[in-house]
Amino acid sequence: MPSVYKHHNKIPFDEFIQQVKQEKHDPYDVLSDFAAYLKEEKTKPNELRSKVKRAYKFLRYCEIEVDLDDFHDSVPLPRQEFPDFEGTEKQQIVEVLENCAGNMRLKTGLILMAAMGCRSVEACAVRLSDIDFDKGQLTFRKEYTKMRIQRTRPMTAELAKQLQL
């Protein structure tokens, strides 16, 4: 916590922790100062949140009473940012499928994931008994799905043809 070192007369870190334990410094003010310092240094919001939360956990590790609710109320943190994900374009999928023509299992797995929108674990867990070619359906067993709910989805003609091969 470099800002603590700058703002508190360059007190050695261990001594500063002892002063916080003795309630000479408010831990919430220390964490707020640290967050403000990181903001001045143009730290990315997700990184800032992570560093301040690590400092909070460190103070708790040092046996300093810091209540989580009071921490959330007293220490302003920026909102978490989520990256924008772009979907894979059809041309990219076609290129990948053309390049794996020599490996039938890989191509089948990729077509399965592309056509059904399933996760790789779900695709790898599909058994022959989970495929109903007559109805054109595929069943994902609950023990391999994210929400632990079995689901049945219709297959595309291309996927059915590839699975029969």
# chains A, B, ... in the order shown; residues from 1 in each chain; ligands from 1

call {"tool": "residues_around", "arguments": {"residues": "range 125-131 of chain A", "least_positions_apart": "5", "cutoff": "7 Å", "atoms": "only C-alpha atoms", "output": "tab-separated table (two decimals) with C-alpha atoms, in the first residue's frame"}}
result
chain	number	residue	atom	x	y	z
A	137	GLN	CA	-33.04	-34.86	-31.04
A	138	LEU	CA	-30.03	-34.89	-28.78
A	139	THR	CA	-30.25	-35.11	-24.97
A	140	PHE	CA	-27.70	-33.53	-22.64
A	144	TYR	CA	-22.82	-32.56	-17.31

call {"tool": "residues_around", "arguments": {"residues": "Glu143 in chain A", "least_positions_apart": "5", "cutoff": "12 Å", "atoms": "only C-alpha atoms", "output": "tab-separated table (two decimals) with C-alpha atoms, in the first residue's frame"}}
result
chain	number	residue	atom	x	y	z
A	121	VAL	CA	-17.95	-30.80	-21.40
A	122	GLU	CA	-21.51	-31.39	-22.55
A	125	ALA	CA	-20.34	-36.44	-22.49
A	126	VAL	CA	-22.78	-37.27	-25.31
A	148	ARG	CA	-27.76	-29.57	-13.59
A	149	ILE	CA	-30.97	-29.86	-15.62
A	150	GLN	CA	-31.34	-32.41	-18.41
A	151	ARG	CA	-32.31	-30.85	-21.71

call {"tool": "residues_around", "arguments": {"residues": "range 10-21 of chain A", "least_positions_apart": "6", "cutoff": "8 Å", "atoms": "only C-alpha atoms", "output": "list in words"}}
result
Val4, Pro27, Cys62, Glu63 and Ile64 of chain A

call {"tool": "atom_distance", "arguments": {"atom1": "CA of Gly109 in chain A", "atom2": "CA of Lys90 in chain A"}}
result
16.5 Å

call {"tool": "residues_around", "arguments": {"residues": "Val66 in chain A", "least_positions_apart": "6", "cutoff": "8 Å", "atoms": "only C-alpha atoms", "output": "list in words"}}
result
Pro27, Tyr28, Tyr56, Leu59 and Arg60 of chain A

call {"tool": "select_by_dssp", "arguments": {"residues": "chain A", "states": "strand (DSSP E)", "output": "NGL selection string"}}
result
:A and (131-132 or 137-140 or 151-154)

call {"tool": "closest_residue", "arguments": {"among": "A:Met104, A:Glu41, A:Gly117, A:Glu86", "to": "Gln164 in chain A", "atoms": "only C-alpha atoms"}}
result
A:Met104

call {"tool": "residues_around", "arguments": {"residues": "Thr156 in chain A", "least_positions_apart": "3", "cutoff": "9 Å", "atoms": "only C-alpha atoms", "output": "list in words"}}
result
Ala115, Met116, Gly136, Gln137, Leu159, Ala160 and Lys161 of chain A

call {"tool": "select_by_dssp", "arguments": {"residues": "chain A", "states": "alpha helix (DSSP H)", "output": "count of residues only"}}
result
89

call {"tool": "closest_residue", "arguments": {"among": "A:Glu98, A:Glu47, A:Glu158, A:Glu89", "to": "Leu77 in chain A", "atoms": "only C-alpha atoms"}}
result
A:Glu47

call {"tool": "residues_around", "arguments": {"residues": "Thr108 in chain A", "least_positions_apart": "2", "cutoff": "10 Å", "atoms": "only C-alpha atoms", "output": "PyMOL selection string"}}
result
chain A and resi 97+100-101+103-106+110-114+123+159-165

call {"tool": "write_last_selection", "arguments": {"atoms": "C-alpha atoms", "output": "short mmCIF file (atom, residue, chain, number, x, y, z; two decimals), in the first residue's frame"}}
result
data_model
loop_
_atom_site.label_atom_id
_atom_site.label_comp_id
_atom_site.auth_asym_id
_atom_site.auth_seq_id
_atom_site.Cartn_x
_atom_site.Cartn_y
_atom_site.Cartn_z
CA LEU A 97 -14.05 -27.18 -39.98
CA CYS A 100 -9.81 -30.42 -39.43
CA ALA A 101 -11.07 -32.60 -42.31
CA ASN A 103 -9.65 -35.76 -37.94
CA MET A 104 -13.26 -37.03 -38.03
CA ARG A 105 -13.75 -36.97 -34.23
CA LEU A 106 -12.57 -33.37 -33.93
CA LEU A 110 -16.84 -28.98 -33.43
CA ILE A 111 -20.00 -29.36 -35.53
CA LEU A 112 -21.84 -30.58 -32.43
CA MET A 113 -20.75 -27.57 -30.37
CA ALA A 114 -21.46 -25.12 -33.22
CA ALA A 123 -20.36 -32.32 -26.06
CA LEU A 159 -25.13 -32.56 -37.43
CA ALA A 160 -27.28 -35.69 -37.81
CA LYS A 161 -25.41 -36.60 -41.01
CA GLN A 162 -22.00 -36.04 -39.34
CA LEU A 163 -22.97 -38.11 -36.27
CA GLN A 164 -24.14 -41.01 -38.48
CA LEU A 165 -20.76 -40.99 -40.27
#

call {"tool": "atom_distance", "arguments": {"atom1": "CA of Leu31 in chain A", "atom2": "CA of Thr43 in chain A"}}
result
15.2 Å

call {"tool": "closest_residue", "arguments": {"among": "A:Lys24, A:Arg141, A:Cys118, A:Ser32", "to": "Pro78 in chain A", "atoms": "only C-alpha atoms"}}
result
A:Ser32

call {"tool": "atom_distance", "arguments": {"atom1": "CA of Ala36 in chain A", "atom2": "CA of Phe71 in chain A"}}
result
14.5 Å

call {"tool": "decode", "arguments": {"residues": "range 82-99 of chain A", "atoms": "N, CA and C atoms", "output": "compact mmCIF listing (two decimals), in the first residue's frame"}}
result
# COMPACT_ATOMS: atom_id res chain seq x y z
N PHE A 82 -17.11 -5.66 -17.53
CA PHE A 82 -17.10 -6.94 -18.20
C PHE A 82 -16.68 -6.72 -19.65
N PRO A 83 -15.78 -7.54 -20.15
CA PRO A 83 -15.32 -7.35 -21.52
C PRO A 83 -16.44 -7.67 -22.51
N ASP A 84 -16.41 -6.99 -23.65
CA ASP A 84 -17.37 -7.27 -24.71
C ASP A 84 -16.86 -8.45 -25.52
N PHE A 85 -17.71 -9.47 -25.62
CA PHE A 85 -17.34 -10.64 -26.39
C PHE A 85 -18.06 -10.61 -27.72
N GLU A 86 -17.34 -10.92 -28.75
CA GLU A 86 -17.94 -10.98 -30.07
C GLU A 86 -18.10 -12.43 -30.46
N GLY A 87 -19.21 -12.74 -31.08
CA GLY A 87 -19.45 -14.11 -31.53
C GLY A 87 -18.52 -14.49 -32.67
N THR A 88 -18.35 -15.77 -32.84
CA THR A 88 -17.53 -16.27 -33.94
C THR A 88 -18.34 -16.17 -35.22
N GLU A 89 -17.75 -15.64 -36.25
CA GLU A 89 -18.45 -15.49 -37.52
C GLU A 89 -18.50 -16.82 -38.26
N LYS A 90 -19.49 -16.95 -39.11
CA LYS A 90 -19.71 -18.19 -39.85
C LYS A 90 -18.48 -18.58 -40.67
N GLN A 91 -17.84 -17.59 -41.30
CA GLN A 91 -16.66 -17.86 -42.13
C GLN A 91 -15.52 -18.46 -41.31
N GLN A 92 -15.35 -17.98 -40.08
CA GLN A 92 -14.31 -18.53 -39.21
C GLN A 92 -14.60 -19.99 -38.86
N ILE A 93 -15.85 -20.29 -38.60
CA ILE A 93 -16.24 -21.68 -38.27
C ILE A 93 -16.01 -22.59 -39.47
N VAL A 94 -16.37 -22.10 -40.64
CA VAL A 94 -16.17 -22.88 -41.87
C VAL A 94 -14.68 -23.17 -42.07
N GLU A 95 -13.83 -22.17 -41.87
CA GLU A 95 -12.37 -22.36 -42.00
C GLU A 95 -11.86 -23.42 -41.03
N VAL A 96 -12.29 -23.35 -39.78
CA VAL A 96 -11.85 -24.31 -38.77
C VAL A 96 -12.30 -25.72 -39.16
N LEU A 97 -13.54 -25.86 -39.59
CA LEU A 97 -14.05 -27.18 -39.98
C LEU A 97 -13.32 -27.73 -41.21
N GLU A 98 -12.98 -26.86 -42.16
CA GLU A 98 -12.24 -27.31 -43.35
C GLU A 98 -10.83 -27.77 -42.98
N ASN A 99 -10.23 -27.11 -42.00
CA ASN A 99 -8.85 -27.45 -41.61
C ASN A 99 -8.76 -28.71 -40.75
